[in-house]
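Here is the structure we will look at.
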Amino acid sequence: MRVLKTIGVLALLIGVVGLLAGGGVFWLLHTYGRDLPDYAQLADYEPPMVSRVHAGDGRLLAEFATEKRVFVPVPAMPRRVIDAFVSAEDKTFFEHPGIDLPGIAVAAVRNLMQIGTDRRPVGASTITQQVTKNFLLTDAVSYRRKIREIVLAFRIERALSKERILELYLNQIYLGFGSYGVAAAAINYFNKSLDELTLAEAAFLAGLPKAPNNYHPKRRPEAARARRDYVIRRLLEDGRIGDSEAALARSRPVEIRTPDKVLIAKAEYFVEEVRRELADRFGEAQLYGGGLSVRTTLDPRLQAEADRALRNGLIAYDRRHGWRGPIARIDPDRLWGPQLAGLDTEGMPDTWQLAVVESVAEAAAEIRLASGEAGTIPLERLRWARKRLEGQKRGPAVKRVSDVLTPGDAIVVEREAEPDGGFALRQIPDIDGALVALDPHTGRVLALTGGFSFEASEFNRATQARRQPGSAFKPFVYLAALDHGLTPSSLVLDAPFVIDQGPGIGKWKPSNYTRRFYGPSPMRIGVEKSRNLMTVRVAQRVGMEAVARHAERLGVVDRLPRMLSMALGAGETTLLRLTAAYAMLVNGGRKIVPTFVDRIQDRNGKTVFRHDRRTCPDCIGVIWTGQEEPEVPDTRERVADPGSAYQVVSMLEGVVERGTGRRIRAVGKPLAGKTGTTNDSLDTWFVGFSPDLSVGVFVGFDAPRTLGVGETGSSVAAPIFRDFMKAALKDEPAIPFRIPPGIRLVRVDAETGLVARGSGKSVILEAFKPGTEPIQAGPVVDSGSAPPSKDPATPARRRDLY
């Protein structure tokens, strides 16, 4: 009886304790289980991933990320990597319900023993609990947070599979070296993909989650190796590897391999345009964490040539206008090294360096670089440095080095390429500019540089600077004229022009750049020689409404004021818009929209944007066996008559052959284009094209001021265009401009527009639409419609004077 009684009492006590424990657990769950984060979001959670931007040839341009992570699904991860992390962090991961009860008991005993000490409480967090903490809770050390973590771990285990929990963990954890996720760590530590990792390397990575900095392989190599060997021992104890594997892995040193240098194409202004477009289209969160893969239109070779041509052109202009002096003076009473190192180098090309002048002789200057290296600048390398005067003028010629430099000057130099060539004096230009190159048939921007240095100024002068195009606008005036019945041979009066602008405004009296008048001249001459007075008369003849409509349709501006002065390029536009408008002339009058992006894919490889939206069912799944290429429909809107567009192209070709763009002839390929210079030479342009490449160049000061007497689009912008085109078309065949159906080519004298008999220096093939070609010379009238022919039987095409 006594035994039964004792058993009953014990059972009662156990029951009471059980009820109390159960009640306590229920109370804890009720108290700490309220207002918990929604763990269901983890089912669809996608960790932040790097968005990568690539050039057209696949080269990397840029990465955008808050956390550099490479996501790898668990089924694609090698078993050795999974085993290493499970053994190191949570050996019962695949068996427990979210928490490790024995581990918690051991941790509880340790924490009780540490009460009253300064030691941090230890935990027994499972991988599931770490996922809970990393995704849903904070890192705060408290019993309340721990209990909430346990509650959430139970719930997550019921909602998600073990594989999904492990996938979240291995792709989220930070492992040092800027690595988020185990795949990024494999690259950053060992320059390997996950499936290339050895057992020793996987064990090393698995030892990092607790404290990556404590096991830094370079700063703390012994601790790093000890931690790796601990993980190997755990793998052996858990039966996941054998003795021989463990011994071999422990014998390996911890060797870090620097990741291969990724071939990155340099295009800062272009990339910033892409970044802005992506942020506008997808938002900042997707841009910096969405794992987008962006294939851009950039041609790295053309981009490098664009950067080189613009930089050299700006330097050439700057040197023509003299030396602005040293960037600073070094105090002789203080150490020169720190003074030199403290100077601003923003905007300097990579090959330029700071130096201090130590001594000056008549024929050379002795300098000292910031590195301490000594060097010499011979007189010949600074003869260009005549003192700059007001109005972009220069002082007397440099005859000795002391005319330019004195000891203590802080200057910029560049090492000469020739052996023992010494150094050359350099100067960062205070002028700036831009160059754009695009495909005239698609609008794909192949190269864009928006200034001398992105580091010095992120302002993009190709897309953000709104400036007056000056004479570079004239082709659109003549396009309107050709659509209104004029021909390239139509005579236009080049004579003084005065118009009353209204009460209190005064009279407008435009003039030619040369300040001369040339009398009746063929319209072609007005384009080739950039005659302002002829252009104004043509604009008045066809009406500014027609001119404005043409400019707006081709995208030069959104809205052009209907004022006659706009015919001379007084309306502001950007280089990109103007270059695209010229492209629509050479492509036969088809509308294009400039684009920097060909295609965008999301993290799963799904295409979410494509610039070319045309469909081609016959292009899918086709094996090439020599059959005819499938036809892709041309859906581009017609914005200009192809005949008129070609006539403008032909006249612009004359600009290069005989007019203000003669410098361009040196390229030796069929090219066309137009110079542009605004009043007081505030802005200079050259915009032109080959049959398959449209290019625009702008040069001017950010705060507009004159470029100086004699500086025009021909002297400043055209050489940059020439140098770029020479490099861009170096290996390309000489392709003539395409002539649309219906255009008739007639031999005429370019200077008179009359039908030519025979050949001569000024004889050209002029483009005419059907029925407008001249057969014989007709009478010249001053304006309006021509009087009727005296001989109706004579099919003369009369050339009226406008």
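Ordering of the structure tokens sets the chain letters (A, B, ...), residue numbers begin anew at 1 in every chain, and ligands are numbered from 1 in the order given.
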Out of region 230-275 of chain A, which residues get alpha helix (DSSP H) from DSSP, as a list in words?
Tyr230, Val231, Ile232, Arg233, Arg234, Leu235, Leu236, Glu237, Asp243, Ser244, Glu245, Ala246, Ala247, Leu248, Ala249, Arg250, Ser251, Glu268, Tyr269, Phe270, Val271, Glu272, Glu273, Val274 and Arg275 of chain A
Writer output for current selection, N, CA and C atoms, as a short mmCIF file (atom, residue, chain, number, x, y, z; two decimals), in the first residue's frame:
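Dumped to again19.cif:
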data_model
loop_
_atom_site.label_atom_id
_atom_site.label_comp_id
_atom_site.auth_asym_id
_atom_site.auth_seq_id
_atom_site.Cartn_x
_atom_site.Cartn_y
_atom_site.Cartn_z
N TYR A 230 38.60 22.74 -37.15
CA TYR A 230 37.49 22.40 -36.27
C TYR A 230 36.30 21.90 -37.09
N VAL A 231 36.02 22.59 -38.19
CA VAL A 231 34.90 22.17 -39.05
C VAL A 231 35.18 20.81 -39.67
N ILE A 232 36.42 20.57 -40.08
CA ILE A 232 36.77 19.27 -40.65
C ILE A 232 36.57 18.17 -39.60
N ARG A 233 36.96 18.47 -38.36
CA ARG A 233 36.78 17.48 -37.27
C ARG A 233 35.29 17.19 -37.05
N ARG A 234 34.46 18.24 -37.12
CA ARG A 234 33.02 18.03 -36.95
C ARG A 234 32.45 17.18 -38.08
N LEU A 235 32.92 17.41 -39.30
CA LEU A 235 32.47 16.61 -40.44
C LEU A 235 32.84 15.14 -40.23
N LEU A 236 34.04 14.90 -39.71
CA LEU A 236 34.49 13.53 -39.45
C LEU A 236 33.64 12.89 -38.36
N GLU A 237 33.40 13.63 -37.27
CA GLU A 237 32.60 13.10 -36.15
C GLU A 237 31.17 12.80 -36.57
N ASP A 243 38.42 9.28 -42.65
CA ASP A 243 39.68 9.69 -42.03
C ASP A 243 40.67 10.23 -43.06
N SER A 244 40.76 9.56 -44.20
CA SER A 244 41.74 9.99 -45.20
C SER A 244 41.37 11.35 -45.78
N GLU A 245 40.08 11.56 -46.01
CA GLU A 245 39.63 12.86 -46.52
C GLU A 245 39.94 13.97 -45.52
N ALA A 246 39.67 13.68 -44.23
CA ALA A 246 39.92 14.68 -43.19
C ALA A 246 41.40 15.01 -43.09
N ALA A 247 42.25 13.98 -43.15
CA ALA A 247 43.69 14.20 -43.04
C ALA A 247 44.20 15.02 -44.22
N LEU A 248 43.72 14.69 -45.43
CA LEU A 248 44.16 15.44 -46.60
C LEU A 248 43.71 16.89 -46.52
N ALA A 249 42.48 17.12 -46.08
CA ALA A 249 41.97 18.49 -45.99
C ALA A 249 42.73 19.30 -44.95
N ARG A 250 43.08 18.66 -43.81
CA ARG A 250 43.81 19.39 -42.75
C ARG A 250 45.23 19.71 -43.18
N SER A 251 45.77 18.93 -44.11
CA SER A 251 47.16 19.17 -44.53
C SER A 251 47.29 20.35 -45.48
N GLU A 268 31.74 56.01 -68.11
CA GLU A 268 31.04 56.53 -66.94
C GLU A 268 29.77 57.31 -67.27
N TYR A 269 29.84 58.20 -68.26
CA TYR A 269 28.66 58.99 -68.59
C TYR A 269 27.55 58.10 -69.16
N PHE A 270 27.93 57.14 -69.98
CA PHE A 270 26.96 56.21 -70.54
C PHE A 270 26.29 55.40 -69.43
N VAL A 271 27.10 54.87 -68.52
CA VAL A 271 26.57 54.05 -67.42
C VAL A 271 25.62 54.85 -66.54
N GLU A 272 25.94 56.10 -66.30
CA GLU A 272 25.06 56.92 -65.46
C GLU A 272 23.72 57.15 -66.15
N GLU A 273 23.71 57.29 -67.47
CA GLU A 273 22.44 57.39 -68.19
C GLU A 273 21.63 56.11 -68.03
N VAL A 274 22.31 54.97 -68.13
CA VAL A 274 21.63 53.68 -67.95
C VAL A 274 21.11 53.56 -66.53
N ARG A 275 21.92 53.95 -65.55
CA ARG A 275 21.48 53.86 -64.15
C ARG A 275 20.22 54.68 -63.91
#
Which residues are close to Gly758 (chain A), i.e. within 12 Å by only C-alpha atoms, leaving aside same-chain residues fewer than 6 positions away? Reply as a ChimeraX atom specification.
/A:746-749,764-765
What is the CA of Ile525 (chain A)-CA of Val648 (chain A) distance in Å, reported with one decimal?
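That distance, rounded to one decimal, is 12.0 Å.
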I want to know what sits within 9 Å of Phe609 (chain A), based on only C-alpha atoms, with residues of the same chain fewer than 4 positions away left out; could you give that as a list in words?
Val597, Asp598, Arg599, Ile600 and Gln601 of chain A
Proximity to Ile735 (chain A) - best of A:Gly395, A:Gly710, A:Pro691, A:Pro630, only C-alpha atoms:
A:Pro691
Per residue of region 498-611 of chain A within 12 Å of region 681-685 of chain A, note the shortest atom pair and the distance in Å to one decimal, counting only C-alpha atoms, and order the rows by chain and increasing residue number, as JSON lines.
{"residue": "A:Tyr513", "atom": "CA", "partner": "A:Ser681", "partner_atom": "CA", "distance": 10.7}
{"residue": "A:Gly569", "atom": "CA", "partner": "A:Asp683", "partner_atom": "CA", "distance": 11.0}
{"residue": "A:Ala570", "atom": "CA", "partner": "A:Asp683", "partner_atom": "CA", "distance": 11.2}
{"residue": "A:Glu572", "atom": "CA", "partner": "A:Asp683", "partner_atom": "CA", "distance": 11.1}
{"residue": "A:Thr573", "atom": "CA", "partner": "A:Asp683", "partner_atom": "CA", "distance": 11.9}
{"residue": "A:Thr574", "atom": "CA", "partner": "A:Trp685", "partner_atom": "CA", "distance": 11.1}
{"residue": "A:Leu575", "atom": "CA", "partner": "A:Trp685", "partner_atom": "CA", "distance": 8.8}
{"residue": "A:Leu578", "atom": "CA", "partner": "A:Trp685", "partner_atom": "CA", "distance": 10.2}
{"residue": "A:Thr579", "atom": "CA", "partner": "A:Trp685", "partner_atom": "CA", "distance": 10.6}
Output file for the selection above: N, CA, C and O atoms, as a PDB file, in the first residue's frame:
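Produced file selection21.pdb, reproduced below:
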ATOM      1  N   TYR A 513      28.707  84.942 -91.628  1.00  0.00           N
ATOM      2  CA  TYR A 513      29.880  84.924 -90.761  1.00  0.00           C
ATOM      3  C   TYR A 513      30.994  85.797 -91.341  1.00  0.00           C
ATOM      4  O   TYR A 513      31.720  86.464 -90.602  1.00  0.00           O
ATOM      5  N   GLY A 569      19.101  78.562 -85.742  1.00  0.00           N
ATOM      6  CA  GLY A 569      19.492  77.718 -84.617  1.00  0.00           C
ATOM      7  C   GLY A 569      19.458  78.402 -83.279  1.00  0.00           C
ATOM      8  O   GLY A 569      20.283  78.095 -82.404  1.00  0.00           O
ATOM      9  N   ALA A 570      18.487  79.298 -83.061  1.00  0.00           N
ATOM     10  CA  ALA A 570      18.391  79.986 -81.774  1.00  0.00           C
ATOM     11  C   ALA A 570      17.628  79.169 -80.739  1.00  0.00           C
ATOM     12  O   ALA A 570      17.660  79.485 -79.548  1.00  0.00           O
ATOM     13  N   GLU A 572      17.001  76.037 -78.278  1.00  0.00           N
ATOM     14  CA  GLU A 572      17.928  75.161 -77.556  1.00  0.00           C
ATOM     15  C   GLU A 572      17.546  73.694 -77.718  1.00  0.00           C
ATOM     16  O   GLU A 572      16.369  73.337 -77.772  1.00  0.00           O
ATOM     17  N   THR A 573      18.568  72.843 -77.787  1.00  0.00           N
ATOM     18  CA  THR A 573      18.366  71.396 -77.856  1.00  0.00           C
ATOM     19  C   THR A 573      19.569  70.724 -77.216  1.00  0.00           C
ATOM     20  O   THR A 573      20.479  71.391 -76.721  1.00  0.00           O
ATOM     21  N   THR A 574      19.566  69.398 -77.223  1.00  0.00           N
ATOM     22  CA  THR A 574      20.710  68.650 -76.686  1.00  0.00           C
ATOM     23  C   THR A 574      21.452  67.969 -77.828  1.00  0.00           C
ATOM     24  O   THR A 574      20.912  67.755 -78.910  1.00  0.00           O
ATOM     25  N   LEU A 575      22.676  67.605 -77.570  1.00  0.00           N
ATOM     26  CA  LEU A 575      23.481  66.939 -78.593  1.00  0.00           C
ATOM     27  C   LEU A 575      22.853  65.608 -79.002  1.00  0.00           C
ATOM     28  O   LEU A 575      22.841  65.260 -80.191  1.00  0.00           O
ATOM     29  N   LEU A 578      19.866  66.229 -81.350  1.00  0.00           N
ATOM     30  CA  LEU A 578      20.272  66.727 -82.658  1.00  0.00           C
ATOM     31  C   LEU A 578      20.931  65.615 -83.483  1.00  0.00           C
ATOM     32  O   LEU A 578      20.690  65.498 -84.687  1.00  0.00           O
ATOM     33  N   THR A 579      21.755  64.795 -82.828  1.00  0.00           N
ATOM     34  CA  THR A 579      22.411  63.693 -83.529  1.00  0.00           C
ATOM     35  C   THR A 579      21.383  62.679 -84.024  1.00  0.00           C
ATOM     36  O   THR A 579      21.508  62.140 -85.132  1.00  0.00           O
TER      37      THR A 579
END
Separation of CA of Leu208 (chain A) from CA of Leu175 (chain A), in Å and rounded to one decimal:
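If I compute the distance from CA of Leu208 (chain A) to CA of Leu175 (chain A), I get 5.7 Å.
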A:Arg531, A:Lys162, A:Lys261, A:Arg386: which is nearest Gly470 (chain A), counting only C-alpha atoms?
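The closest residue to Gly470 (chain A) is A:Arg531.
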Among A:Val586, A:Val687, A:Ile147, A:Val70, Asp439 (chain A) is approached most closely, using only C-alpha atoms, by A:Val586
Residue with smallest distance to Ile431 (chain A) - pool A:Ile592, A:Ala285, A:Ala703, A:Met566, counting only C-alpha atoms
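Result for the nearest residue to Ile431 (chain A): A:Ala703.
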All residues 7 Å or closer to region 353-361 of chain A, only C-alpha atoms, same chain fewer than 3 positions away omitted, as number ranges by chain
A: 364-370, 401-402, 406-414
